[in-house]
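A.B. asks: Pasting structure_26.txt here (compact mmCIF, C-alpha atoms):
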# COMPACT_ATOMS: atom_id res chain seq x y z
CA MET S 21 15.98 -3.84 -29.89
CA TRP S 22 14.60 -6.75 -27.91
CA ILE S 23 11.92 -9.26 -28.82
CA TYR S 24 9.90 -10.91 -26.06
CA GLU S 25 9.11 -14.60 -26.31
CA LYS S 26 6.07 -16.00 -24.52
CA LYS S 27 7.87 -18.80 -22.69
CA LEU S 28 10.21 -19.30 -19.75
CA GLN S 29 13.80 -20.31 -20.42
CA TYR S 30 13.31 -23.35 -18.16
CA PRO S 31 10.09 -24.68 -16.57
CA VAL S 32 9.31 -23.23 -13.14
CA LYS S 33 7.28 -25.36 -10.77
CA VAL S 34 6.58 -24.94 -7.06
CA SER S 35 5.16 -27.65 -4.77
CA THR S 36 3.17 -25.50 -2.35
CA CYS S 37 2.22 -21.95 -1.48
CA ASN S 38 5.24 -20.84 0.57
CA PRO S 39 5.65 -17.08 1.09
CA ARG S 40 8.66 -17.59 3.36
CA LEU S 41 10.68 -19.00 0.47
CA ALA S 42 9.51 -16.09 -1.67
CA LYS S 43 10.90 -13.69 0.92
CA PHE S 44 14.37 -15.24 0.52
CA LEU S 45 14.14 -15.58 -3.26
CA VAL S 46 13.55 -11.87 -3.79
CA GLU S 47 17.28 -11.46 -3.06
CA GLN S 48 17.87 -12.70 -6.62
CA TYR S 49 15.19 -10.36 -7.97
CA GLY S 50 16.18 -6.95 -6.58
CA GLY S 51 19.31 -7.73 -4.56
CA ALA S 52 22.91 -6.66 -5.16
CA ASP S 53 23.90 -9.90 -6.91
CA GLY S 54 20.48 -10.59 -8.39
CA GLU S 55 19.34 -11.01 -11.96
CA LEU S 56 18.22 -7.39 -12.45
CA ALA S 57 21.63 -6.12 -11.37
CA ALA S 58 23.31 -8.64 -13.68
CA ALA S 59 21.24 -7.72 -16.75
CA LEU S 60 21.70 -3.98 -16.23
CA ARG S 61 25.42 -4.34 -15.50
CA TYR S 62 26.29 -6.25 -18.70
CA LEU S 63 24.00 -4.39 -21.05
CA ASN S 64 25.41 -1.09 -19.83
CA GLN S 65 29.09 -2.08 -19.92
CA ARG S 66 28.88 -3.29 -23.51
CA TYR S 67 28.89 0.21 -25.04
CA THR S 68 32.49 0.84 -24.01
CA ILE S 69 33.99 -2.67 -24.11
CA PRO S 70 36.20 -3.81 -27.04
CA ASP S 71 34.26 -5.22 -30.03
CA LYS S 72 35.44 -8.78 -29.38
CA VAL S 73 33.33 -9.12 -26.22
CA ILE S 74 30.29 -6.94 -27.04
CA GLY S 75 28.40 -9.99 -28.34
CA LEU S 76 29.05 -11.94 -25.15
CA LEU S 77 27.88 -9.09 -22.88
CA THR S 78 24.78 -8.62 -25.04
CA ASP S 79 23.87 -12.32 -24.98
CA ILE S 80 24.55 -12.91 -21.29
CA GLY S 81 22.73 -9.66 -20.41
CA THR S 82 19.77 -10.84 -22.44
CA GLU S 83 19.77 -14.26 -20.77
CA GLU S 84 19.73 -12.53 -17.37
CA PHE S 85 16.34 -11.03 -18.24
CA ALA S 86 15.08 -14.56 -18.88
CA HIS S 87 16.38 -15.50 -15.41
CA LEU S 88 14.69 -12.44 -13.91
CA GLU S 89 11.41 -13.69 -15.36
CA MET S 90 12.02 -17.16 -13.87
CA ILE S 91 12.64 -15.68 -10.40
CA ALA S 92 9.54 -13.50 -10.75
CA THR S 93 7.53 -16.58 -11.70
CA MET S 94 8.83 -18.45 -8.63
CA ILE S 95 7.93 -15.57 -6.31
CA TYR S 96 4.53 -15.15 -7.97
CA LYS S 97 3.69 -18.85 -7.70
CA LEU S 98 4.90 -19.11 -4.08
CA THR S 99 2.73 -16.16 -2.94
CA LYS S 100 -0.30 -15.96 -5.23
CA ASP S 101 -2.57 -18.01 -2.94
CA ALA S 102 -1.21 -16.68 0.37
CA THR S 103 -3.61 -15.03 2.79
CA PRO S 104 -2.61 -11.76 4.53
CA GLN S 105 -2.07 -13.85 7.68
CA GLN S 106 0.27 -16.21 5.83
CA MET S 107 2.19 -13.24 4.41
CA ARG S 108 2.49 -11.87 7.93
CA ASP S 109 3.63 -15.19 9.39
CA ALA S 110 6.27 -15.44 6.66
CA GLY S 111 7.76 -12.08 7.62
CA LEU S 112 6.28 -10.37 4.58
CA ASP S 113 4.05 -8.07 6.69
CA ALA S 114 5.95 -4.91 5.73
CA HIS S 115 6.00 -5.96 2.08
CA TYR S 116 2.27 -6.69 2.14
CA ALA S 117 1.50 -3.32 3.78
CA ASN S 118 3.28 -1.51 0.95
CA HIS S 119 2.76 -3.75 -2.09
CA ASP S 120 0.02 -6.31 -1.39
CA SER S 121 1.34 -9.37 -3.24
CA ALA S 122 2.90 -7.32 -6.06
CA LEU S 123 6.54 -7.99 -6.83
CA PHE S 124 9.01 -5.24 -6.07
CA TYR S 125 12.71 -4.77 -6.78
CA HIS S 126 14.15 -5.07 -3.31
CA ASN S 127 16.39 -7.57 -1.56
CA ALA S 128 15.46 -10.17 1.06
CA ASP S 129 15.68 -7.47 3.77
CA GLY S 130 13.33 -5.15 1.88
CA VAL S 131 16.06 -2.69 0.80
CA PRO S 132 15.06 -1.21 -2.59
CA PHE S 133 17.23 -1.88 -5.64
CA THR S 134 19.88 0.74 -6.36
CA ALA S 135 22.21 1.37 -9.32
CA ALA S 136 24.99 1.58 -6.71
CA TYR S 137 25.02 -2.24 -6.80
CA ILE S 138 26.63 -2.20 -10.24
CA GLN S 139 29.76 -0.66 -11.66
CA ALA S 140 31.00 0.44 -15.07
CA LYS S 141 34.66 1.39 -14.82
CA GLY S 142 35.35 1.75 -18.53
CA ASP S 143 38.42 -0.43 -18.10
CA PRO S 144 37.67 -3.74 -19.89
CA ILE S 145 39.66 -5.95 -17.51
CA ALA S 146 38.22 -4.24 -14.42
CA ASP S 147 34.69 -4.57 -15.82
CA LEU S 148 35.08 -8.23 -16.75
CA TYR S 149 36.59 -9.09 -13.36
CA GLU S 150 33.57 -7.45 -11.74
CA ASP S 151 31.34 -9.58 -13.98
CA ILE S 152 33.14 -12.78 -12.97
CA ALA S 153 32.80 -11.84 -9.30
CA ALA S 154 29.11 -11.04 -9.80
CA GLU S 155 28.48 -14.46 -11.33
CA GLU S 156 30.29 -16.22 -8.48
CA LYS S 157 28.32 -14.23 -5.88
CA ALA S 158 25.06 -15.09 -7.63
CA ARG S 159 26.09 -18.75 -7.77
CA ALA S 160 26.78 -18.72 -4.01
CA THR S 161 23.42 -17.03 -3.34
CA TYR S 162 21.62 -19.74 -5.31
CA GLN S 163 23.45 -22.35 -3.24
CA TRP S 164 22.31 -20.75 0.04
CA LEU S 165 18.75 -20.58 -1.31
CA ILE S 166 18.81 -24.26 -2.31
CA ASP S 167 20.23 -25.16 1.13
CA MET S 168 17.30 -23.39 2.84
CA SER S 169 14.53 -24.60 0.52
CA ASP S 170 12.59 -27.80 1.14
CA ASP S 171 10.62 -27.54 -2.10
CA PRO S 172 11.98 -30.11 -4.61
CA ASP S 173 10.15 -28.55 -7.58
CA LEU S 174 11.48 -25.09 -6.79
CA ASN S 175 14.99 -26.47 -6.25
CA ASP S 176 14.99 -27.91 -9.77
CA GLY S 177 14.62 -24.39 -11.21
CA LEU S 178 17.13 -22.95 -8.72
CA ARG S 179 19.70 -25.59 -9.70
CA PHE S 180 19.30 -24.64 -13.36
CA LEU S 181 19.94 -20.98 -12.49
CA ARG S 182 22.95 -21.90 -10.35
CA GLU S 183 24.47 -23.81 -13.27
CA ARG S 184 23.97 -20.85 -15.60
CA GLU S 185 26.04 -18.64 -13.26
CA ILE S 186 28.88 -21.15 -13.58
CA ILE S 187 28.73 -21.03 -17.39
CA HIS S 188 28.57 -17.23 -17.45
CA SER S 189 31.59 -17.01 -15.16
CA LEU S 190 33.50 -19.38 -17.44
CA ARG S 191 32.64 -17.36 -20.57
CA PHE S 192 33.68 -14.09 -18.88
CA ARG S 193 37.01 -15.70 -17.93
CA GLU S 194 37.51 -16.62 -21.58
CA ALA S 195 36.68 -13.04 -22.57
CA VAL S 196 39.46 -11.81 -20.26
CA GLU S 197 41.91 -14.13 -22.02
CA ILE S 198 40.76 -12.90 -25.44
CA LEU S 199 41.38 -9.29 -24.41
CA LYS S 200 44.78 -10.12 -22.90
CA GLN S 201 45.77 -11.83 -26.14
CA GLU S 202 44.66 -8.81 -28.15
CA ARG S 203 46.57 -6.49 -25.84
CA ASP S 204 49.78 -8.53 -26.12
CA GLN S 205 49.54 -8.60 -29.93
CA LYS S 206 49.73 -4.82 -29.97
CA VAL S 207 53.26 -4.81 -28.54
CA PHE S 208 55.89 -4.49 -31.30
CA PHE S 209 59.64 -4.60 -30.81
CA MET A 14 -5.33 -16.70 -14.17
CA GLU A 15 -4.84 -20.42 -14.64
CA THR A 16 -5.74 -22.00 -17.93
CA ASN A 17 -6.27 -25.67 -18.57
CA LEU A 18 -3.82 -26.66 -21.24
CA PRO A 19 -3.44 -30.15 -22.68
CA ALA A 20 -0.39 -32.24 -21.79
CA GLU A 21 0.74 -31.85 -25.40
CA TYR A 22 1.29 -28.11 -24.86
CA TYR A 23 3.72 -28.74 -22.01
CA GLN A 24 5.47 -31.44 -24.00
CA LEU A 25 5.98 -29.21 -27.04
CA LEU A 26 7.05 -26.32 -24.84
CA GLU A 27 9.61 -28.47 -23.08
CA GLU A 28 10.97 -29.66 -26.43
CA LEU A 29 11.42 -26.05 -27.49
CA GLN A 30 13.02 -25.17 -24.15
CA ALA A 31 15.47 -28.04 -24.64
CA VAL A 32 16.42 -26.99 -28.17
CA ASP A 33 16.69 -23.37 -27.06
CA PHE A 34 18.98 -24.42 -24.25
CA VAL A 35 21.35 -25.90 -26.81
CA LEU A 36 21.14 -22.69 -28.83
CA VAL A 37 21.79 -20.40 -25.83
CA GLU A 38 24.73 -22.55 -24.78
CA LEU A 39 26.19 -22.58 -28.30
CA THR A 40 25.63 -18.83 -28.70
CA LEU A 41 27.64 -17.99 -25.59
CA TYR A 42 30.28 -20.58 -26.47
CA LEU A 43 30.66 -19.26 -30.03
CA ASP A 44 30.93 -15.71 -28.70
CA THR A 45 34.31 -16.77 -27.29
CA HIS A 46 35.15 -19.58 -29.78
CA PRO A 47 34.17 -18.06 -33.16
CA ASN A 48 36.24 -20.48 -35.26
CA ASP A 49 34.73 -23.77 -34.05
CA THR A 50 33.20 -24.97 -37.32
CA ALA A 51 31.61 -28.12 -35.89
CA SER A 52 29.79 -26.05 -33.26
CA ILE A 53 28.57 -23.61 -35.90
CA GLN A 54 27.16 -26.53 -37.89
CA GLN A 55 25.43 -27.81 -34.76
CA PHE A 56 24.13 -24.30 -34.10
CA ASN A 57 22.62 -23.97 -37.57
CA HIS A 58 21.06 -27.42 -37.30
CA TYR A 59 19.31 -26.56 -34.04
CA ALA A 60 18.32 -23.13 -35.34
CA GLN A 61 16.34 -24.98 -38.00
CA GLU A 62 14.85 -27.35 -35.38
CA ARG A 63 13.65 -24.41 -33.28
CA LYS A 64 11.92 -22.90 -36.31
CA LYS A 65 9.94 -26.10 -36.80
CA LEU A 66 9.01 -26.36 -33.11
CA LYS A 67 7.99 -22.70 -32.91
CA LYS A 68 5.73 -23.20 -35.93
CA ALA A 69 4.18 -26.35 -34.40
CA ILE A 70 3.41 -24.58 -31.11
CA GLU A 71 2.09 -21.43 -32.75
CA SER A 72 -0.25 -23.30 -35.10
CA LYS A 73 -2.11 -24.67 -32.05
CA TYR A 74 -1.50 -22.27 -29.18
CA GLY A 75 -1.00 -18.86 -30.76
CA PRO A 76 1.94 -16.53 -31.35
CA MET A 77 5.07 -16.82 -29.18
CA GLN A 78 6.58 -13.52 -30.33
CA GLN A 79 5.17 -10.35 -31.73
CA TYR A 80 6.17 -7.11 -33.46
CA GLY A 81 5.76 -9.22 -36.59
CA ASN A 82 7.98 -12.12 -35.60
CA SER A 83 4.88 -14.33 -35.50
CA TYR A 84 1.67 -14.29 -37.54
CA SER A 85 -1.58 -13.30 -35.87
CA GLY A 86 -4.95 -15.05 -35.89
CA THR A 87 -8.22 -13.10 -35.98
CA PRO A 88 -9.04 -11.52 -33.61
CA TRP A 89 -5.61 -10.38 -32.44
CA ASP A 90 -4.39 -13.24 -30.25
CA TRP A 91 -1.04 -12.06 -28.90
CA ASN A 92 -2.43 -10.70 -25.64
CA LYS A 93 -4.34 -13.87 -24.89
CA ALA A 94 -3.50 -15.66 -21.64
CA PRO A 95 -1.80 -17.77 -20.48
CA TRP A 96 1.45 -15.88 -19.98
CA PRO A 97 4.55 -17.87 -19.04
CA TRP A 98 4.17 -17.39 -15.26
CA GLN A 99 0.56 -18.61 -15.45
CA VAL A 100 1.27 -22.11 -16.78
Reformat the file's structure so that it appears as structure tokens.

C.D. replies:
Amino acid sequence: MWIYEKKLQYPVKVSTCNPRLAKFLVEQYGGADGELAAALRYLNQRYTIPDKVIGLLTDIGTEEFAHLEMIATMIYKLTKDATPQQMRDAGLDAHYANHDSALFYHNADGVPFTAAYIQAKGDPIADLYEDIAAEEKARATYQWLIDMSDDPDLNDGLRFLREREIIHSLRFREAVEILKQERDQKVFF
Amino acid sequence: METNLPAEYYQLLEELQAVDFVLVELTLYLDTHPNDTASIQQFNHYAQERKKLKKAIESKYGPMQQYGNSYSGTPWDWNKAPWPWQV
């Protein structure tokens, strides 16, 4: 089971109302390499992965939900005071027509989230390599977002999230080594 | 829904976020390095620190968790704002 805690993993601040940045940021909310995809991917793979890495998938999957909440907070704070005209000027006209300023799981282009973004192959090495790739893609996405953003407060939170992708990737690489070691131990001559 | 909270709230919250960062980092690290005794000692030390900080925050600003992982005031104060995205 999961227990919710009434706090963000890291403080989220934004300098100004800026719906255009929110439009980009939603890529990490409902996009292919976003936090929702990450959380669902790891928490689903863990049922059929060897015992030695179930804990890691559980803990990283859980942390991804904390990141999802941080991204949601960023989007919420960037848009909560925006007028319909500001939403329109920021390219969020279609979003506003459908959702007002509600958050929705879609990517920066407005394409709704789909389970097709994530894979569970049942092969531990294949699954962990996918997880490493997912972390690296998310890290790159955070970099592009930071490059486009001129909000120093927002960038502080985005940098934290970018660093977490690096750590997750590192831990998944270690998990691969642990499984390789276990596999090699099973060979007897 | 914006609530005016004293500077002390943000300071305590940030202290907890810092300790929790150590704990998240050590959790993931220990998931792949289960025999690192020094790290386990550090983990248990910070686990105790987080307990103290959680108690300090909750005594002034209400429960941080529910389903019985925190005590409740009267009336029921779990669903009281502010929520994390509102501060």

A.B. asks: Quick one, how far is atom CA of S:Gly51 from atom CA of S:Glu197?

C.D. replies: 29.3 Å

A.B. asks: Can you tell me how far atom CA of S:Ala57 sits from atom CA of S:Arg193, in Å to one decimal?

C.D. replies: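 Straight-line distance from atom CA of S:Ala57 to atom CA of S:Arg193 works out to 19.3 Å.
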
A.B. asks: Within 8 Å of stretch 134-140 of chain S, counting all atoms listed in the file, which residues qualify if same-chain residues fewer than 5 places away don't, as a list in words?

C.D. replies: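 Selected residues are Ala52, Asp53, Ala57, Leu60, Arg61, Asn64, Gln65, Asp147 and Glu150 of chain S.
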
A.B. asks: Select, as a PyMOL selection string, those residues of chain S with any atom no more than 9 Å from chain A (distances computed using all atoms listed in the file).

C.D. replies: chain S and resi 23-32+72-76+79-80+83+89-90+92-94+96-97+187-188+191-192+194-195+198

A.B. asks: Would you list the contacts of S:Gly54 as a VMD selection string, taking every protein, DNA or RNA residue within 12 Å and counting all atoms listed in the file, but skipping same-chain residues closer than 5 positions in sequence?

C.D. replies: chain S and resid 44 to 49 59 to 61 84 to 85 87 to 89 91 to 92 125 to 128 133 to 134 137 to 138 154 to 162 181 to 182 185

A.B. asks: Rounded to one decimal place, report the atom CA of S:Asp171-atom CA of A:Tyr22 distance in Å.

C.D. replies: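 Going from atom CA of S:Asp171 over to atom CA of A:Tyr22 covers 24.6 Å.
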
A.B. asks: May I ask which of the residues A:Thr50, A:Tyr84, A:Ala20, A:Ala60 is the closest one to A:Ser72, counting all atoms listed in the file?

C.D. replies: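 Closest to A:Ser72 of all the choices is A:Tyr84.
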
A.B. asks: Between A:Ile53, A:Leu25, A:Leu18, A:Val35, which is the closest to A:Glu71 once you count all atoms listed in the file?

C.D. replies: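 Using all atoms listed in the file, A:Glu71 sits closest to A:Leu25.
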
A.B. asks: Please rebuild stretch 54-77 of chain A with N, CA and C atoms and give the result as a short mmCIF file (atom, residue, chain, number, x, y, z; two decimals), keeping the file's coordinate frame.

C.D. replies:
data_model
loop_
_atom_site.label_atom_id
_atom_site.label_comp_id
_atom_site.auth_asym_id
_atom_site.auth_seq_id
_atom_site.Cartn_x
_atom_site.Cartn_y
_atom_site.Cartn_z
N GLN A 54 28.06 -25.62 -37.17
CA GLN A 54 27.16 -26.53 -37.89
C GLN A 54 26.04 -27.00 -36.97
N GLN A 55 26.42 -27.37 -35.74
CA GLN A 55 25.43 -27.81 -34.76
C GLN A 55 24.44 -26.68 -34.48
N PHE A 56 24.98 -25.47 -34.35
CA PHE A 56 24.13 -24.30 -34.10
C PHE A 56 23.10 -24.13 -35.21
N ASN A 57 23.55 -24.18 -36.45
CA ASN A 57 22.62 -23.97 -37.57
C ASN A 57 21.59 -25.09 -37.66
N HIS A 58 22.00 -26.31 -37.31
CA HIS A 58 21.06 -27.42 -37.30
C HIS A 58 19.93 -27.17 -36.29
N TYR A 59 20.32 -26.78 -35.07
CA TYR A 59 19.31 -26.56 -34.04
C TYR A 59 18.49 -25.30 -34.28
N ALA A 60 19.08 -24.33 -34.98
CA ALA A 60 18.32 -23.13 -35.34
C ALA A 60 17.14 -23.52 -36.23
N GLN A 61 17.39 -24.49 -37.11
CA GLN A 61 16.34 -24.98 -38.00
C GLN A 61 15.28 -25.76 -37.20
N GLU A 62 15.76 -26.58 -36.24
CA GLU A 62 14.85 -27.35 -35.38
C GLU A 62 13.91 -26.43 -34.61
N ARG A 63 14.48 -25.32 -34.08
CA ARG A 63 13.65 -24.41 -33.28
C ARG A 63 12.57 -23.75 -34.14
N LYS A 64 12.90 -23.49 -35.40
CA LYS A 64 11.92 -22.90 -36.31
C LYS A 64 10.72 -23.82 -36.46
N LYS A 65 11.02 -25.12 -36.63
CA LYS A 65 9.94 -26.10 -36.80
C LYS A 65 9.08 -26.18 -35.53
N LEU A 66 9.75 -26.23 -34.38
CA LEU A 66 9.01 -26.36 -33.11
C LEU A 66 8.16 -25.12 -32.83
N LYS A 67 8.73 -23.95 -33.13
CA LYS A 67 7.99 -22.70 -32.91
C LYS A 67 6.71 -22.71 -33.76
N LYS A 68 6.87 -23.15 -35.01
CA LYS A 68 5.73 -23.20 -35.93
C LYS A 68 4.67 -24.18 -35.40
N ALA A 69 5.12 -25.33 -34.91
CA ALA A 69 4.18 -26.35 -34.40
C ALA A 69 3.40 -25.81 -33.20
N ILE A 70 4.09 -25.13 -32.30
CA ILE A 70 3.41 -24.58 -31.11
C ILE A 70 2.44 -23.47 -31.51
N GLU A 71 2.91 -22.59 -32.39
CA GLU A 71 2.09 -21.43 -32.75
C GLU A 71 0.83 -21.81 -33.51
N SER A 72 0.92 -22.90 -34.32
CA SER A 72 -0.25 -23.30 -35.10
C SER A 72 -1.39 -23.74 -34.18
N LYS A 73 -1.07 -24.19 -32.97
CA LYS A 73 -2.11 -24.67 -32.05
C LYS A 73 -2.38 -23.72 -30.89
N TYR A 74 -1.35 -23.02 -30.44
CA TYR A 74 -1.50 -22.27 -29.18
C TYR A 74 -1.27 -20.77 -29.32
N GLY A 75 -1.12 -20.30 -30.56
CA GLY A 75 -1.00 -18.86 -30.76
C GLY A 75 0.43 -18.37 -30.80
N PRO A 76 0.61 -17.09 -31.13
CA PRO A 76 1.94 -16.53 -31.35
C PRO A 76 2.82 -16.54 -30.10
N MET A 77 4.12 -16.84 -30.29
CA MET A 77 5.07 -16.82 -29.18
C MET A 77 5.82 -15.50 -29.12
#
